[in-house]
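Q: For reference, the structure I am asking about is given below.
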Amino acid sequence: MKVLQINTSDINGGAAIAAFRLHKGLNQIGAECRMLVKEKASKADTVLCISPENTNNTSDKAFFLNEVIQAHYINAHRTDISNTLFSLPYPGYDLSQLSVVQDADIINLHWVAYYQSPLTLQKLFALGKPVVWTLHDQWAFTGGCHYSAGCNKYQEDCTACPQLANDAFELPSSVLKDKMELFKDADLTIVSPSRWLADCAGKSRLFRDIRIEVIPNPLDTDVFSPMNKSEAKANLNISAESITILFGAENNNETRKGFKHLAEAIKRCLSSDTIQELINKNNLNILCFGYPSAELKEIGMPTVSLGYLNNTSQIRNAYAAADIFVLPSLEDNLPNTLTESSSCGVPAVAFDVGGIPDVLTHGETGLLVEAGNTRQMAEAIKSLIINHSQRTSMGEPARKLILEKCSVKARSNDYYSLFRELQKGRTSFSPPHKTPDTTKNIESRSVGLHSHLNTDFGSNFKTIYDAVLFKALKEFAVMSQNKLLEVEKENMQKNSLINEHIRILNSIRKRFLYRLSERLTNLQAKIQSIIKSIF
């Protein structure tokens with residue numbers, strides 16, 4: 001069976017990493033799987049990257065969509081409710097005529113924002129192949145938001161979007177209507193990694209009548225596995241006796257990631273005499289991926305920043321060095337960090353939201369607390385810091401739960417079984433038996449991956465496009481004028497500074513020349529005096 005995964009990137013971002021892990025798992029069990037991306041960062045031969053083909057006309061229109069409407073109608077008018085991505089689904093790359101697409105038996109969509117539009121997706125659906133769309137956030141069935149921040153308007157029409165201010169033309173509603181019209185006859189099956197996202201999709205206006213399956217994201221549990229904790233801490237120059245709290249800080253400015261709540265919870269922990277005593281003895285510290293926010297830096301607990309890690313062994317070592325993993329997300333699907341840390345035998349403290357309860361059992365593999373309740377989070381963190389036996393007793397069940405739910409082989413087989421069921425009766429194929437030669441003829445298959453950028457719209461967005469563009473252009477023009485004035489002001493200041501420097505240099509030059517002339521005159525007088533005295 002030939003499976004084609006379509007994702008914006010191959011390994012950049014959590015959704016891409018999850019899709020790539022599935023990609024490797026499918027190939028390992030014998031499926032002939034390719035991945036077609038817009039941005040390739042890996043060296044995998046089975047990942048193919050498109051080469052965009054643009055005319056001046058499409059480039060101009062893409063500029064209006066990306067740099068004007070996205071930036072000045074959407075981004076510039078986000079409300080305080082959320083700062084997570086809200087992306088316009090236009091334009092998109094037409095992949096339907098590529099040989100690798102037409103040769104596929106199954107198309108498996110993943111995170112396709114900034115890559116596919118409702119129109120280009122319709123072209124894929126029109127090929128008549130079964131399409132499985134693996135959701136990594138809510139964007140597929142909303143009017144543009146990737147996480148709805150508690151809003152349920154995607155269940156109806158996405159009117160009066162709470163994430164956009166000054167949206168006089170109901171842009172999200174038009175986008176959702178386009179999706180409803182263009183996805184109408186699609187042979188589409190939805191896969192959600194979590195029960196929460198599956199429930200959201202099932203209640204959505206777009207997917208409520210479509211088959212939805214829950215298959216957790218696969219994880220290589222042989223790679224993410226427990227190791228000697230003292231050794232892992234030593235690798236990071238952390239004392240073996242120091243209790244280490246780990247969290248991920250790559251997106252510490254994103255509201256839904258909850259880092260302000262984490263900072264508040266840690267601050268509450270510091271009011272405990274026991275915690276202060278551990279800190280004074282250098283027996284408690286924070287370890288973080290990425291860089292901690294300013295709030296955490298100012299709290300007063302020792303913090304070790306690991307920066308951005310791309311090496312799997314270093315990431316695993318960080319998990320192994322942790323005694324507690326804290327996940328303060330207020331909205332999330334099935335976070336890779338939670339499954340990875342649990343697979344390494346680290347108990348977690350997290351808010352009871354999204355897909356987190358799917359892989360965190362309260363009291364057994366970690367502690368779940370009420371969403372947004374920093375007092376409860378602080379108490380949960382303190383209890384795991386103080387109670388060594390509670391921490392250690394949770395590590396093994398955490399690992400066992402991930403082995404049961406996220407084994408790469410088991411979950412890849414789940415996908416393969418679904419693909420086989422959807423493909424049944426269309427063509428004959430052999431069941432997986434061995435890993436295929438994935439590098440054979442890759443070069444020839446990569447030839448001709450030129451994709452046209454489709455800047456057309458669905459009928460509903462087309463109706464409001466001119467008005468939306470005009471409004472955004474006015475703001476774009478004002479911004480451009482203000483920037484031009486700033487540049488001119490800076491240039492005037494620079495010119496003024498240059499002129500002042502020139503004046504000073506001229507003054508110095510005049511003084512230098514005057515003194516030089518004066519010295520030459522004196523020297524000449526002395527020479528004449530000496531000559532006169534001699535003769």
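Each chain in the structure tokens gets a letter, A, B, ..., in the order shown, and its residues are numbered from 1; ligands are numbered from 1 in order too.
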I want to know what sits within 12 Å of Lys424 (chain A), based on only C-alpha atoms, with residues of the same chain fewer than 6 positions away left out; could you give that as a list in words?
A: Met1, Asp105, Ile106, Lys129, Pro130, Tyr416, Ser417, Leu418, Ser430 and Pro431 of chain A
Q: Listing only residues of region 350-373 of chain A within 10 Å of region 394-413 of chain A, what is the closest atom pair and its distance in Å (to one decimal) for each, using only C-alpha atoms, sorted by chain and residue number ascending, as a tab-separated table?
A:
```
residue	atom	partner	partner_atom	distance
A:Asp358	CA	A:Lys405	CA	8.8
A:Val359	CA	A:Leu401	CA	6.9
A:Leu360	CA	A:Ala398	CA	7.5
A:Thr361	CA	A:Ala398	CA	8.3
A:His362	CA	A:Met394	CA	9.9
A:Gly363	CA	A:Met394	CA	7.9
A:Glu364	CA	A:Met394	CA	5.6
A:Thr365	CA	A:Ala398	CA	4.5
A:Gly366	CA	A:Met394	CA	6.4
A:Leu367	CA	A:Met394	CA	9.6
```
Q: Looking at only C-alpha atoms, which of A:Gln155, A:Gln97, A:Thr142, A:Asn217 is the one that sits closest to Arg21 (chain A)?
A: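 Between A:Gln155, A:Gln97, A:Thr142, A:Asn217, the residue approaching Arg21 (chain A) most closely is A:Asn217.
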Q: Smallest atom-to-atom distance to Ser305 (chain A): which of A:Leu334, A:Leu368, A:Ile238, A:Ile324, using only C-alpha atoms?
A: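 Checking each of A:Leu334, A:Leu368, A:Ile238, A:Ile324 against Ser305 (chain A), counting only C-alpha atoms, the winner is A:Ile238.
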